[in-house]
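A.B. asks: What follows is final_27.cif; its format and atoms are mmCIF, C-alpha atoms and all ligand atoms.
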```cif
data_target
#
loop_
_atom_site.label_atom_id
_atom_site.label_comp_id
_atom_site.auth_asym_id
_atom_site.auth_seq_id
_atom_site.Cartn_x
_atom_site.Cartn_y
_atom_site.Cartn_z
CA MET X 1 148.93 82.18 41.12
CA ALA X 2 148.04 85.36 42.90
CA THR X 3 150.99 87.70 42.92
CA ALA X 4 151.82 89.69 45.98
CA LYS X 5 150.73 92.84 44.21
CA ASN X 6 147.21 91.56 43.63
CA ASN X 7 146.87 90.24 47.12
CA PRO X 8 143.53 91.55 48.39
CA ASN X 9 144.73 91.29 51.96
CA LEU X 10 145.03 94.91 52.99
CA ASN X 11 147.53 94.03 55.67
CA TYR X 12 150.03 93.02 53.06
CA ASN X 13 152.93 95.43 53.16
CA PRO X 14 155.18 95.06 50.09
CA ASP X 15 157.69 97.66 51.12
CA ARG X 16 157.74 100.41 53.64
CA LEU X 17 154.65 102.45 53.02
CA VAL X 18 156.30 105.64 54.14
CA SER X 19 159.47 105.28 52.08
CA ALA X 20 160.08 108.35 49.90
CA ALA X 21 161.81 106.26 47.23
CA PRO X 22 159.52 104.89 44.55
CA VAL X 23 158.44 101.30 45.10
CA GLU X 24 157.70 98.96 42.26
CA ASP X 25 153.98 99.51 41.84
CA ASP X 26 154.20 103.28 42.19
CA SER X 27 155.24 103.94 38.61
CA SER X 28 152.03 103.52 36.60
CA PHE X 29 150.10 105.18 39.34
CA GLU X 30 152.49 108.12 39.54
CA LEU X 31 152.33 108.64 35.81
CA LYS X 32 148.60 109.26 36.09
CA LEU X 33 148.96 111.68 38.97
CA ARG X 34 151.96 113.59 37.69
CA PRO X 35 151.16 117.25 37.01
CA GLN X 36 151.87 118.15 33.38
CA ARG X 37 151.96 121.95 33.57
CA LEU X 38 153.50 124.42 35.97
CA ASN X 39 150.12 125.68 37.19
CA GLU X 40 149.12 122.14 38.22
CA PHE X 41 152.30 121.80 40.27
CA ILE X 42 151.38 122.54 43.86
CA GLY X 43 153.60 124.40 46.35
CA GLN X 44 157.34 125.18 45.88
CA ALA X 45 156.46 128.79 45.08
CA LYS X 46 160.07 129.95 44.76
CA VAL X 47 161.05 127.13 42.42
CA LYS X 48 158.00 127.68 40.25
CA GLU X 49 158.58 131.41 40.04
CA ASN X 50 162.20 130.92 38.95
CA LEU X 51 161.20 128.39 36.34
CA ALA X 52 158.28 130.45 35.05
CA VAL X 53 160.61 133.37 34.37
CA ALA X 54 163.28 131.24 32.71
CA ILE X 55 160.72 129.43 30.55
CA GLU X 56 159.05 132.64 29.47
CA ALA X 57 162.40 134.26 28.64
CA ALA X 58 163.61 131.28 26.62
CA ARG X 59 160.33 131.10 24.74
CA SER X 60 160.30 134.78 23.86
CA ARG X 61 163.90 134.61 22.62
CA GLY X 62 163.24 131.39 20.78
CA GLU X 63 166.33 129.87 22.38
CA ALA X 64 167.03 126.77 24.41
CA MET X 65 166.52 127.43 28.10
CA ASP X 66 169.42 127.55 30.56
CA HIS X 67 170.50 124.25 32.10
CA VAL X 68 168.76 123.43 35.37
CA LEU X 69 169.91 121.51 38.43
CA LEU X 70 167.09 120.27 40.67
CA TYR X 71 168.03 118.91 44.04
CA GLY X 72 166.29 117.76 47.18
CA PRO X 73 165.04 114.64 48.94
CA PRO X 74 163.27 111.89 46.96
CA GLY X 75 159.58 112.16 46.12
CA LEU X 76 159.35 115.96 46.09
CA GLY X 77 158.81 116.43 42.36
CA LYS X 78 162.18 116.64 40.57
CA THR X 79 161.27 114.28 37.73
CA THR X 80 157.85 115.89 37.52
CA LEU X 81 159.39 119.35 37.13
CA ALA X 82 161.82 118.20 34.46
CA ASN X 83 158.83 116.93 32.51
CA ILE X 84 156.93 120.15 33.07
CA ILE X 85 159.85 122.22 31.77
CA ALA X 86 159.71 120.35 28.47
CA ASN X 87 155.92 120.65 28.30
CA GLU X 88 155.98 124.37 28.97
CA LEU X 89 158.74 124.95 26.43
CA GLY X 90 156.85 122.79 23.96
CA VAL X 91 159.90 120.62 23.25
CA HIS X 92 160.81 116.96 23.24
CA PHE X 93 161.53 115.40 26.66
CA GLN X 94 164.19 112.74 26.89
CA PRO X 95 164.73 111.18 30.31
CA THR X 96 167.57 108.94 31.39
CA ALA X 97 169.49 108.24 34.59
CA ALA X 98 173.21 108.38 35.29
CA PRO X 99 173.49 104.71 36.37
CA LEU X 100 172.19 103.70 32.93
CA LEU X 101 175.05 105.49 31.17
CA GLN X 102 178.09 103.29 31.44
CA ILE X 103 180.39 104.06 28.53
CA LYS X 104 181.11 107.18 26.49
CA GLY X 105 179.15 105.71 23.58
CA ASP X 106 175.94 105.68 25.66
CA LEU X 107 176.07 109.40 26.18
CA THR X 108 177.49 110.27 22.74
CA ALA X 109 174.59 108.47 21.09
CA ILE X 110 172.06 110.43 23.11
CA ILE X 111 173.71 113.79 22.56
CA THR X 112 174.23 113.41 18.83
CA ASN X 113 170.64 112.32 18.30
CA MET X 114 169.03 115.18 20.14
CA GLN X 115 166.25 117.30 18.70
CA ASP X 116 166.51 121.07 18.53
CA LYS X 117 166.06 122.78 21.94
CA GLN X 118 164.86 119.59 23.57
CA VAL X 119 165.14 118.79 27.27
CA LEU X 120 167.68 116.14 28.22
CA PHE X 121 166.95 114.95 31.73
CA ILE X 122 169.56 112.96 33.63
CA ASP X 123 168.39 111.67 36.99
CA GLU X 124 170.80 110.85 39.84
CA ILE X 125 173.36 113.08 38.21
CA HIS X 126 175.78 112.61 41.12
CA ARG X 127 176.33 109.06 39.87
CA LEU X 128 177.59 110.06 36.43
CA GLN X 129 180.99 108.56 35.64
CA PRO X 130 183.79 111.16 35.62
CA VAL X 131 184.70 110.48 31.96
CA LEU X 132 181.09 111.00 30.92
CA GLU X 133 180.92 114.14 32.97
CA GLU X 134 183.88 115.54 31.07
CA LEU X 135 182.26 114.60 27.79
CA LEU X 136 179.21 116.60 28.84
CA TYR X 137 181.07 119.79 29.69
CA SER X 138 181.71 121.02 26.14
CA ALA X 139 178.25 119.94 25.06
CA LEU X 140 176.74 121.98 27.87
CA GLU X 141 178.96 124.97 27.33
CA ASP X 142 179.14 125.50 23.62
CA TYR X 143 177.05 122.73 22.13
CA LYS X 144 180.08 120.86 20.86
CA LEU X 145 181.09 117.29 21.39
CA ASP X 146 184.65 116.07 21.10
CA ILE X 147 184.90 112.48 20.00
CA ILE X 148 188.02 110.48 19.35
CA ILE X 149 188.03 108.29 16.29
CA GLY X 150 190.57 105.51 15.96
CA GLN X 151 193.24 104.36 18.37
CA GLY X 152 196.90 104.94 19.06
CA PRO X 153 198.94 107.30 16.84
CA SER X 154 196.25 107.44 14.16
CA ALA X 155 193.57 108.58 16.61
CA ARG X 156 191.94 111.83 15.66
CA THR X 157 189.68 114.15 17.57
CA HIS X 158 186.49 115.19 15.84
CA THR X 159 184.37 118.01 17.04
CA LEU X 160 180.68 117.53 16.40
CA GLU X 161 178.14 120.29 16.52
CA VAL X 162 175.30 119.53 18.88
CA LYS X 163 171.85 121.07 18.62
CA PRO X 164 171.13 123.58 21.38
CA PHE X 165 169.38 121.84 24.24
CA THR X 166 168.34 122.27 27.83
CA PHE X 167 170.01 119.97 30.27
CA VAL X 168 168.09 119.17 33.44
CA GLY X 169 169.96 117.27 36.13
CA ALA X 170 168.36 115.93 39.30
CA THR X 171 169.98 114.70 42.46
CA THR X 172 169.18 113.88 46.05
CA ARG X 173 172.84 114.44 46.91
CA ALA X 174 173.82 117.92 45.80
CA GLY X 175 177.02 117.66 47.82
CA LEU X 176 178.23 114.84 45.57
CA VAL X 177 177.88 116.82 42.34
CA SER X 178 181.35 117.94 41.30
CA ALA X 179 182.07 121.67 41.29
CA PRO X 180 182.82 121.83 37.53
CA LEU X 181 179.54 120.14 36.68
CA ARG X 182 177.61 122.26 39.10
CA SER X 183 179.03 125.42 37.60
CA ARG X 184 177.55 124.51 34.21
CA PHE X 185 174.00 124.94 35.48
CA GLY X 186 172.57 128.40 34.99
CA ILE X 187 169.66 127.66 37.30
CA VAL X 188 170.08 125.74 40.55
CA LEU X 189 166.89 125.00 42.48
CA ARG X 190 166.36 123.28 45.79
CA LEU X 191 163.06 121.55 46.50
CA GLU X 192 161.73 121.79 50.04
CA PHE X 193 159.48 119.48 52.00
CA TYR X 194 155.83 120.39 51.52
CA THR X 195 153.58 121.96 54.13
CA PRO X 196 150.57 119.90 55.29
CA GLU X 197 148.37 122.46 53.52
CA ASP X 198 150.14 121.92 50.17
CA LEU X 199 149.93 118.17 50.68
CA ARG X 200 146.21 118.44 51.39
CA VAL X 201 145.73 120.10 48.00
CA ILE X 202 147.86 117.38 46.38
CA VAL X 203 145.77 114.66 48.05
CA GLU X 204 142.55 116.32 46.87
CA ARG X 205 143.86 116.69 43.35
CA SER X 206 144.99 113.06 43.22
CA ALA X 207 141.68 111.87 44.70
CA GLU X 208 139.82 113.65 41.95
CA ILE X 209 141.97 112.00 39.28
CA LEU X 210 141.44 108.61 40.92
CA GLY X 211 137.71 109.25 41.19
CA VAL X 212 137.48 108.81 44.94
CA GLU X 213 135.62 111.19 47.19
CA VAL X 214 137.62 112.71 50.03
CA ASP X 215 136.51 115.41 52.44
CA ASP X 216 138.65 118.14 53.96
CA ALA X 217 139.36 116.37 57.24
CA GLY X 218 140.18 113.10 55.49
CA ALA X 219 142.61 114.85 53.13
CA ILE X 220 144.27 116.70 56.01
CA GLU X 221 144.69 113.44 57.91
CA ILE X 222 146.50 111.78 55.01
CA ALA X 223 148.53 114.93 54.30
CA SER X 224 149.73 115.27 57.87
CA ARG X 225 151.09 111.73 57.94
CA SER X 226 153.00 112.03 54.67
CA ARG X 227 156.35 113.36 55.88
CA GLY X 228 156.17 116.44 53.70
CA THR X 229 156.45 114.23 50.61
CA PRO X 230 153.92 114.09 47.73
CA ARG X 231 155.01 110.58 46.71
CA ILE X 232 154.11 109.30 50.18
CA ALA X 233 150.85 111.29 50.22
CA ASN X 234 149.80 109.69 46.95
CA ARG X 235 150.74 106.23 48.16
CA LEU X 236 148.85 106.62 51.44
CA LEU X 237 145.86 107.96 49.53
CA ARG X 238 145.85 104.88 47.35
CA ARG X 239 145.91 102.54 50.33
CA VAL X 240 143.27 104.53 52.23
CA ARG X 241 141.10 104.42 49.11
CA ASP X 242 141.32 100.61 49.13
CA TYR X 243 140.29 100.56 52.76
CA ALA X 244 137.41 102.97 52.18
CA GLN X 245 136.09 100.80 49.36
CA VAL X 246 136.40 97.51 51.22
CA ARG X 247 135.64 98.46 54.82
CA GLY X 248 133.86 101.82 54.52
CA ALA X 249 131.30 103.45 52.25
CA GLY X 250 133.86 104.31 49.60
CA LYS X 251 134.27 107.90 50.75
CA ILE X 252 137.39 109.04 52.62
CA ASP X 253 136.34 111.02 55.67
CA LEU X 254 138.24 111.52 58.92
CA PRO X 255 137.21 108.27 60.69
CA THR X 256 137.91 106.21 57.56
CA ALA X 257 141.32 107.83 57.05
CA GLN X 258 142.22 107.34 60.70
CA ALA X 259 141.10 103.72 60.77
CA ALA X 260 142.92 102.93 57.52
CA LEU X 261 146.15 104.57 58.63
CA GLN X 262 145.97 102.85 61.97
CA MET X 263 145.60 99.51 60.21
CA LEU X 264 148.57 100.43 57.99
CA GLU X 265 150.49 101.32 61.18
CA VAL X 266 151.39 104.80 60.05
CA ASP X 267 151.12 107.05 63.09
CA LYS X 268 150.23 110.73 63.22
CA TYR X 269 153.83 111.73 62.57
CA GLY X 270 154.02 109.53 59.51
CA PHE X 271 156.21 107.05 61.39
CA ASP X 272 155.90 103.34 60.77
CA GLU X 273 157.11 100.46 62.90
CA VAL X 274 160.66 100.68 61.53
CA ASP X 275 160.91 104.35 62.50
CA ARG X 276 159.49 103.72 65.92
CA ARG X 277 161.99 100.95 66.52
CA LEU X 278 164.86 103.14 65.32
CA LEU X 279 163.71 105.96 67.55
CA ARG X 280 163.44 103.67 70.52
CA ASP X 281 166.93 102.35 69.86
CA ALA X 282 168.33 105.85 69.39
CA ILE X 283 166.78 107.00 72.65
CA GLY X 284 167.95 103.81 74.32
CA VAL X 285 171.52 104.38 73.16
CA ARG X 286 171.45 107.98 74.39
CA LEU X 287 170.14 106.93 77.77
CA PHE X 288 172.77 104.24 77.98
CA TRP X 289 175.57 106.72 77.22
CA HIS X 290 174.14 109.18 79.64
CA TYR X 291 174.05 106.46 82.25
CA ALA X 292 177.52 105.17 81.39
CA GLU X 293 178.95 108.66 81.42
CA SER X 294 177.46 109.52 84.79
CA LYS X 295 178.55 106.20 86.12
CA ALA X 296 182.12 106.81 84.90
CA LYS X 297 182.12 110.25 86.51
CA PHE X 298 180.78 108.75 89.66
CA VAL X 299 183.49 106.10 89.74
CA VAL X 300 186.17 108.76 89.27
CA LEU X 301 184.63 110.84 92.04
CA GLU X 302 184.46 107.77 94.22
CA ARG X 303 188.15 107.02 93.67
CA VAL X 304 189.07 110.61 94.55
CA LEU X 305 186.96 110.47 97.69
CA GLU X 306 188.36 107.08 98.61
CA ARG X 307 191.87 108.38 98.29
CA SER X 308 191.03 111.33 100.50
CA PHE X 309 188.95 109.56 103.09
CA GLY X 310 190.21 106.00 102.92
CA GLU X 311 188.50 102.70 102.20
CA GLY X 312 185.75 103.28 104.70
CA TYR X 313 184.20 105.98 102.52
CA GLU X 314 182.88 103.39 100.15
CA ALA X 315 180.20 102.18 102.51
CA ASN X 316 178.59 105.61 102.63
CA THR X 317 178.33 105.91 98.90
CA ALA X 318 176.90 102.44 98.33
CA THR X 319 173.34 103.71 98.13
CA HIS X 320 174.26 105.91 95.16
CA ARG X 321 175.72 102.99 93.31
CA ASP X 322 172.82 102.50 90.98
CA TYR X 323 172.63 106.05 89.83
N1 LIG T 1 154.15 119.72 43.49
C1 LIG T 1 153.46 118.62 43.22
N2 LIG T 1 152.13 118.67 42.99
C2 LIG T 1 151.45 117.54 42.75
N3 LIG T 1 151.98 116.30 42.72
C3 LIG T 1 153.29 116.20 42.95
C4 LIG T 1 154.10 117.33 43.20
N4 LIG T 1 155.37 116.93 43.37
C5 LIG T 1 155.37 115.60 43.24
N5 LIG T 1 154.12 115.14 43.00
C6 LIG T 1 153.72 113.74 42.87
O1 LIG T 1 154.68 112.94 43.54
C7 LIG T 1 155.18 111.93 42.68
C8 LIG T 1 156.68 111.83 42.85
O2 LIG T 1 157.29 112.95 42.27
P1 LIG T 1 158.66 112.82 41.45
O3 LIG T 1 158.73 113.97 40.51
O4 LIG T 1 158.77 111.47 40.83
O5 LIG T 1 159.71 113.00 42.64
P2 LIG T 1 161.31 112.93 42.60
O6 LIG T 1 161.72 112.83 41.16
O7 LIG T 1 161.76 114.18 43.26
O8 LIG T 1 161.68 111.71 43.39
C9 LIG T 1 154.76 112.32 41.28
O9 LIG T 1 154.26 111.23 40.57
C10 LIG T 1 153.64 113.32 41.44
O10 LIG T 1 152.41 112.67 41.25
MG MG T 2 162.68 111.23 40.26
#
```
As structure tokens - that is how I would like this structure written.
C.D. replies:
Amino acid sequence: MATAKNNPNLNYNPDRLVSAAPVEDDSSFELKLRPQRLNEFIGQAKVKENLAVAIEAARSRGEAMDHVLLYGPPGLGKTTLANIIANELGVHFQPTAAPLLQIKGDLTAIITNMQDKQVLFIDEIHRLQPVLEELLYSALEDYKLDIIIGQGPSARTHTLEVKPFTFVGATTRAGLVSAPLRSRFGIVLRLEFYTPEDLRVIVERSAEILGVEVDDAGAIEIASRSRGTPRIANRLLRRVRDYAQVRGAGKIDLPTAQAALQMLEVDKYGFDEVDRRLLRDAIGVRLFWHYAESKAKFVVLERVLERSFGEGYEANTATHRDY
């Protein structure tokens, strides 16, 4: 049976094409396109500069690097950067995500098994359970872990030494990270949406890895419809590549990119049908309120006038009724 994913019908739309969250078949593809070193990471000059300094300093001291909090909207490169930090430091990279850590034992096991100076990456850090957060604090601060052995009156607290490590937390919701946790990060970096120019470079880089030819205008077209988000740029590129191979000559130029994106119903602002409907509704609601508000004011005015001039006034205002 042909699965939806292998469906050759290009019109098939498994999820929203312009969603910044990863969709199921993004993962293997993203792995291939993910920059491995800081100099391959495009844009985000301020973030890169901060990291370059911290990495260099940690390396020259031979110490674990400061803990890093990366925050910003999905698809901008948080996971990629966490990976790059480990690569640049030349240490082990261990990724996990807060929703996967349910009980203290989950986190204790990870922390006690860490390698020297490694990077521990916890994604969606704002979803870490409060008890686990507390467990983390002493590990982050002085590389110690308090564990309780036994129960009731015979319970004893043991303090375990933890190998120095670099903690990298990522979140799309910085406001939901508790103040005590936030204060444990030496480096706090916000990722910004990318400029169309940065996204063009990302599209060209990805095209080269995928072995598809793209010209300047074609790359700019994809970049400008990607909502400032590399994940979306890479996804659109992949779909435009399919179109170019099936309907075009295999090369992505401006007409091919435009035709493909039109077929995919992604407009020049990167809006799809869902966005357009939402926008229409939002504008509709505003117009309605505007109308209702003016109407209410008008009715009040009418009552005032009626009271002053009597019932007969109404006839004169009838033509304004539909305002
Ligand atoms: N600065 C960048 N340069 C090149 N590619 C990038 C960049 N940032 C992100 N990407 C691409 O976008 C994809 C999504 O990035 P990711 O790090 O998973 O985002 P996040 O973790 O913030 O949701 C990655 O697979 C990578 O290919
Ligand atoms: Mg991520």
A.B. asks: Just give me the gap between atom CA of X:Arg225 and atom CA of X:Asp272 in Å, one decimal is fine.
C.D. replies: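 Between atom CA of X:Arg225 and atom CA of X:Asp272 the gap works out to 10.1 Å.
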A.B. asks: Please report as JSON lines every residue of chain X lying within 9 Å of ligand MG 2 (chain T), along with the nearest atom pair and their distance in Å (one decimal), using all atoms listed in the file.
C.D. replies:
```
{"residue": "X:Ala21", "atom": "CA", "partner": "T:MG2", "partner_atom": "MG", "distance": 8.6}
{"residue": "X:Pro22", "atom": "CA", "partner": "T:MG2", "partner_atom": "MG", "distance": 8.3}
{"residue": "X:Pro74", "atom": "CA", "partner": "T:MG2", "partner_atom": "MG", "distance": 6.8}
{"residue": "X:Gly75", "atom": "CA", "partner": "T:MG2", "partner_atom": "MG", "distance": 6.7}
{"residue": "X:Leu76", "atom": "CA", "partner": "T:MG2", "partner_atom": "MG", "distance": 8.2}
{"residue": "X:Gly77", "atom": "CA", "partner": "T:MG2", "partner_atom": "MG", "distance": 6.8}
{"residue": "X:Lys78", "atom": "CA", "partner": "T:MG2", "partner_atom": "MG", "distance": 5.4}
{"residue": "X:Thr79", "atom": "CA", "partner": "T:MG2", "partner_atom": "MG", "distance": 4.2}
{"residue": "X:Thr80", "atom": "CA", "partner": "T:MG2", "partner_atom": "MG", "distance": 7.2}
{"residue": "X:Asp123", "atom": "CA", "partner": "T:MG2", "partner_atom": "MG", "distance": 6.6}
{"residue": "X:Glu124", "atom": "CA", "partner": "T:MG2", "partner_atom": "MG", "distance": 8.1}
{"residue": "X:Ala170", "atom": "CA", "partner": "T:MG2", "partner_atom": "MG", "distance": 7.4}
{"residue": "X:Thr171", "atom": "CA", "partner": "T:MG2", "partner_atom": "MG", "distance": 8.4}
```
A.B. asks: For atom CA of X:Glu204 and atom CA of X:Arg34, determine how far apart the two atoms are, in Å to one decimal place.
C.D. replies: 13.4 Å
A.B. asks: Step by step, measure atom-to-atom distances between ligand LIG 1 (chain T) and each residue using all atoms listed in the file, keep those at most 9 Å, then write them as a short mmCIF file (atom, residue, chain, number, x, y, z; two decimals) with C-alpha atoms, in the coordinates of the input.
C.D. replies:
```cif
data_model
loop_
_atom_site.label_atom_id
_atom_site.label_comp_id
_atom_site.auth_asym_id
_atom_site.auth_seq_id
_atom_site.Cartn_x
_atom_site.Cartn_y
_atom_site.Cartn_z
CA ALA X 20 160.08 108.35 49.90
CA ALA X 21 161.81 106.26 47.23
CA PRO X 22 159.52 104.89 44.55
CA ASP X 26 154.20 103.28 42.19
CA SER X 27 155.24 103.94 38.61
CA SER X 28 152.03 103.52 36.60
CA PHE X 29 150.10 105.18 39.34
CA GLU X 30 152.49 108.12 39.54
CA LEU X 31 152.33 108.64 35.81
CA LYS X 32 148.60 109.26 36.09
CA LEU X 33 148.96 111.68 38.97
CA ARG X 34 151.96 113.59 37.69
CA PRO X 35 151.16 117.25 37.01
CA LEU X 38 153.50 124.42 35.97
CA GLU X 40 149.12 122.14 38.22
CA PHE X 41 152.30 121.80 40.27
CA ILE X 42 151.38 122.54 43.86
CA GLY X 43 153.60 124.40 46.35
CA GLN X 44 157.34 125.18 45.88
CA LEU X 70 167.09 120.27 40.67
CA TYR X 71 168.03 118.91 44.04
CA GLY X 72 166.29 117.76 47.18
CA PRO X 73 165.04 114.64 48.94
CA PRO X 74 163.27 111.89 46.96
CA GLY X 75 159.58 112.16 46.12
CA LEU X 76 159.35 115.96 46.09
CA GLY X 77 158.81 116.43 42.36
CA LYS X 78 162.18 116.64 40.57
CA THR X 79 161.27 114.28 37.73
CA THR X 80 157.85 115.89 37.52
CA LEU X 81 159.39 119.35 37.13
CA ALA X 82 161.82 118.20 34.46
CA ASN X 83 158.83 116.93 32.51
CA ASP X 123 168.39 111.67 36.99
CA ALA X 170 168.36 115.93 39.30
CA THR X 171 169.98 114.70 42.46
CA THR X 172 169.18 113.88 46.05
CA LEU X 191 163.06 121.55 46.50
CA TYR X 194 155.83 120.39 51.52
CA ASP X 198 150.14 121.92 50.17
CA LEU X 199 149.93 118.17 50.68
CA VAL X 201 145.73 120.10 48.00
CA ILE X 202 147.86 117.38 46.38
CA VAL X 203 145.77 114.66 48.05
CA ARG X 205 143.86 116.69 43.35
CA SER X 206 144.99 113.06 43.22
CA THR X 229 156.45 114.23 50.61
CA PRO X 230 153.92 114.09 47.73
CA ARG X 231 155.01 110.58 46.71
CA ILE X 232 154.11 109.30 50.18
CA ALA X 233 150.85 111.29 50.22
CA ASN X 234 149.80 109.69 46.95
#
```
A.B. asks: Just how far from atom CA of X:Ser60 is atom CA of X:Lys48, in Å to one decimal?
C.D. replies: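 Atom CA of X:Lys48 sits 18.0 Å away from atom CA of X:Ser60.
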A.B. asks: Return the single residue from X:Ile220, X:Ala45, X:Ile148, X:Val168 that is closest to X:Gln94, with distances computed using all atoms listed in the file.
C.D. replies: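 Among X:Ile220, X:Ala45, X:Ile148, X:Val168, it is X:Val168 that comes nearest to X:Gln94.
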A.B. asks: Can you tell me which residues surround X:Asp116 at a distance of at most 7 Å, considering all atoms listed in the file, apart from same-chain residues fewer than 5 positions away, and format the answer as a list of chain:residue names?
C.D. replies: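 Listed by chain and then number, they are X:Lys163, X:Pro164, X:Phe165.
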A.B. asks: With only C-alpha atoms as the counted atoms, please give the residues lying no more than 10 Å from stretch 207-217 of chain X, apart from itself and same-chain residues fewer than 4 positions off, as a PyMOL selection string.
C.D. replies: chain X and resi 29+32-33+200-203+221-223+234+237-238+241-242+244-245+250-257
A.B. asks: Residues near X:Glu56, anyone? I mean within 12 Å using only C-alpha atoms, not counting same-chain ones fewer than 2 positions away, as a PyMOL selection string.
C.D. replies: chain X and resi 38+48-54+58-66+85+88-90
A.B. asks: Once you have the residues from the selection above, write them out as a short mmCIF file (atom, residue, chain, number, x, y, z; two decimals), in the coordinates of the input, restricted to C-alpha atoms.
C.D. replies:
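Resulting contents of part-v8.cif:
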```
data_model
loop_
_atom_site.label_atom_id
_atom_site.label_comp_id
_atom_site.auth_asym_id
_atom_site.auth_seq_id
_atom_site.Cartn_x
_atom_site.Cartn_y
_atom_site.Cartn_z
CA LEU X 38 153.50 124.42 35.97
CA LYS X 48 158.00 127.68 40.25
CA GLU X 49 158.58 131.41 40.04
CA ASN X 50 162.20 130.92 38.95
CA LEU X 51 161.20 128.39 36.34
CA ALA X 52 158.28 130.45 35.05
CA VAL X 53 160.61 133.37 34.37
CA ALA X 54 163.28 131.24 32.71
CA ALA X 58 163.61 131.28 26.62
CA ARG X 59 160.33 131.10 24.74
CA SER X 60 160.30 134.78 23.86
CA ARG X 61 163.90 134.61 22.62
CA GLY X 62 163.24 131.39 20.78
CA GLU X 63 166.33 129.87 22.38
CA ALA X 64 167.03 126.77 24.41
CA MET X 65 166.52 127.43 28.10
CA ASP X 66 169.42 127.55 30.56
CA ILE X 85 159.85 122.22 31.77
CA GLU X 88 155.98 124.37 28.97
CA LEU X 89 158.74 124.95 26.43
CA GLY X 90 156.85 122.79 23.96
#
```
A.B. asks: Give me the residues near X:Thr96 as a PDB file with C-alpha atoms, in the frame of the given file, where near means some atom within 9 Å (using only C-alpha atoms) and where sequence neighbours in that chain fewer than 6 positions away do not count.
C.D. replies:
```pdb
ATOM      1  CA  LEU X 120     167.680 116.140  28.220  1.00  0.00           C
ATOM      2  CA  PHE X 121     166.950 114.950  31.730  1.00  0.00           C
ATOM      3  CA  ILE X 122     169.560 112.960  33.630  1.00  0.00           C
ATOM      4  CA  ASP X 123     168.390 111.670  36.990  1.00  0.00           C
TER       5      ASP X 123
END
```
A.B. asks: Rank nothing, just name the residue among X:Ile283, X:Ala179, X:Asn113, X:Val131 nearest to X:Glu161, using all atoms listed in the file.
C.D. replies: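 Closest residue, counting all atoms listed in the file: X:Asn113.
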A.B. asks: Quick one: everything within 12 Å of X:Asp142, counting all atoms listed in the file, minus sequence neighbours fewer than 3 positions away in the same chain. Send it as a ChimeraX atom specification.
C.D. replies: /X:136-139,145-146,159-165,184
A.B. asks: Point out the residue among X:Gln118, X:Thr195, X:Gln102, X:Gln151 with the least atom-to-atom distance to X:Leu132, counting only C-alpha atoms.
C.D. replies: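 Between X:Gln118, X:Thr195, X:Gln102, X:Gln151, the residue approaching X:Leu132 most closely is X:Gln102.
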A.B. asks: My list of candidates is X:Ile55, X:Ile147, X:Val23, X:Ala109. Which is closest to X:Ala86 when distances are computed with all atoms listed in the file?
C.D. replies: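 Ranking X:Ile55, X:Ile147, X:Val23, X:Ala109 by distance to X:Ala86, first place goes to X:Ile55.
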A.B. asks: Using all atoms listed in the file, find the one residue out of X:Leu181, X:Ile103, X:Leu17, X:Ala98 that sits nearest to X:Phe271.
C.D. replies: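 For X:Phe271, the nearest of the candidates is X:Leu17.
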